[in-house]
Every structure is written in structure tokens, then in C-alpha cells.
Amino acid sequence: MKEILIGNKVRLARVAKDLTQEQLAIKVGVTRQTIGLIEAGKYNPSIKLCLLIAKFTDTTLNDLFWMDGEDDE
Amino acid sequence: MNKWFQIDEQTETVSGRLSVIFLGLTQIGLYLALMYQRYVLDLPPDYYNDLAIILAFSVLGYWGACLFLGGVIPTLSFRRAIFIYAVICMTIAVPHTIIRGWPAGTEWNSRLLVILGLPAGLVGGYALMAYLGKKRLEKIISSESD
């Protein structure tokens, strides 16, 4: 099964809005750890959370997330 | 949101995966304990009936709910259900007869209950939950597309 890797710019968008992980986490209603995991590419958020992050960082989904490539392994 | 006990989608995902793993381990542990008491210690049913009830409730409840809420498990055609029923009956009957021998006259009812009744319950329960789960999802999808 092909593994699709999701790249993201959540950290850049958050820093551009001058938000800490904790502040963004409170705004979108998750834990700081979840924001950290998303930024590190270790957790794929739900579409609802993606939209909330995009809303509170004044960006779009296309700006924040993209398919990094495909891995056959 | 309670700061001391925060649950979000990421923690739900992790706890969901861990729950499945530990539920499986618990069910296997209960099954092994049951088999040990039944076949190694050769205890009468009064000693392990409580374990059997808990195990049956856990396994049937979990898989029943999965089938119903998932709704993507294949539903069984009548022919396939009969075939699977026959295979399960044979899988139980052959080892049972080899281990415990041909049943005596008074044992036939209880032996047939295990060999024919248990698979009927399993296949019937599976078919029912898969059918209801599929109907449930189809109803949700059709109401969303209206």
C-alpha cells in the first residue's frame, strides 16, 4: 500500500501570526501536544481541525497542507 | 475545555488504537484462563461460567458493535452463510469427537447444542449485525444526498 506523506506549513503560519503553540491550541480546541505533533508531521489532523487551523492563521488549506510525495514501501 | 483532563482528536485516536490492542489482549487472556480451567484443571462449569459470560459479552458486544457501526463488513448471501455454518460446525465437531469420543445417549442434546447451536448463533449474529449496519449506513448516505 502506498503511503502518502503530508507536508505542512503550520509552524510558519503560526509564527507569522505571532501565536505560540499553546495559543493556537486553545483557539482550535486541542492540546498543545497535538499542534506540536502536526507541525512535526507526526499526526494527520482531521479536515475539521485543518480548517480551524487555516481559519485562525488566516491561510487556506492549500497554503498549509500538501502531498509531499509517494512512498511505495 | 478542562485543562487538567483534555481530550482531543489526537488523544482519541491514540487511546482508540490502544483500547483495541488491550481489549484483544484481555479477551485472549480470558480465553486462555477459561481453557486452562476447563481442560487442564478439569474443573466443573460452575468454576468458569462467570469467565465465559464476561468473555462472551465482551467478544460478541465488541464485534457486534463494530459490525453495526462500521457497516462495511460484507453481508452474507444465504448460500455463503450455509457454507460458513457447515465449515464452523465441522471445525467444532471433528476435534470435539476426537477428544471426547462419540457421545453417549444422554449427551446427544448438549453435544448437538455446542456443534450446531453455537455456529448458528455466530453466523446468524454476524449476518444480522452486518445487514443492520449496512442498512444504517445506507440510510445515513441517502438522507445526506437528498
# chains A, B, ... in the order shown; residues from 1 in each chain; ligands from 1
>>> closest_atom_pairs(of="chain A", to="chain B", cutoff="7 Å", atoms="only C-alpha atoms", output="CSV")
residue,atom,partner,partner_atom,distance
A:Val30,CA,B:Asp8,CA,5.3
A:Thr31,CA,B:Asp8,CA,6.8
A:Thr34,CA,B:Gln10,CA,6.2
>>> write_last_selection(atoms="N, CA and C atoms", output="tab-separated table (two decimals), in the first residue's frame")
chain	number	residue	atom	x	y	z
A	30	VAL	N	-7.68	22.11	20.82
A	30	VAL	CA	-6.93	20.86	21.02
A	30	VAL	C	-5.80	21.11	22.02
A	31	THR	N	-5.01	20.08	22.28
A	31	THR	CA	-3.89	20.26	23.21
A	31	THR	C	-2.67	20.82	22.48
A	34	THR	N	-0.83	18.25	20.47
A	34	THR	CA	-1.39	17.91	19.15
A	34	THR	C	-0.87	18.88	18.08
>>> residues_around(residues="stretch 35-43 of chain A", least_positions_apart="6", cutoff="10 Å", atoms="only C-alpha atoms", output="MDAnalysis selection string")
(chainID A and resid 5:12 14 20:22 24:25 28 50 53) or (chainID B and resid 10 13)
>>> closest_residue(among="B:Gly64, B:Val20, B:Gly124, B:Phe5", to="B:Phe78", atoms="only C-alpha atoms")
B:Gly124
>>> select_by_dssp(residues="chain A", states="helix (DSSP H, G or I)", output="MDAnalysis selection string")
chainID A and resid 10:16 21:28 32:39 47:56 61:64
>>> residues_around(residues="stretch 89-96 of chain B", least_positions_apart="5", cutoff="8 Å", atoms="only C-alpha atoms", output="VMD selection string")
chain B and resid 101 115 to 116 119
>>> write_last_selection(atoms="C-alpha atoms", output="PDB file, in the first residue's frame")
ATOM      1  CA  GLY B 101     -15.339 -39.598  21.826  1.00  0.00           C
ATOM      2  CA  ILE B 115     -21.883 -28.295  17.483  1.00  0.00           C
ATOM      3  CA  LEU B 116     -24.996 -26.938  15.776  1.00  0.00           C
ATOM      4  CA  PRO B 119     -22.170 -21.852  14.909  1.00  0.00           C
TER       5      PRO B 119
END
>>> residues_around(residues="stretch 60-63 of chain B", least_positions_apart="3", cutoff="10 Å", atoms="only C-alpha atoms", output="ChimeraX atom specification")
/B:20,23,54-57,66-70,122,125-126,129
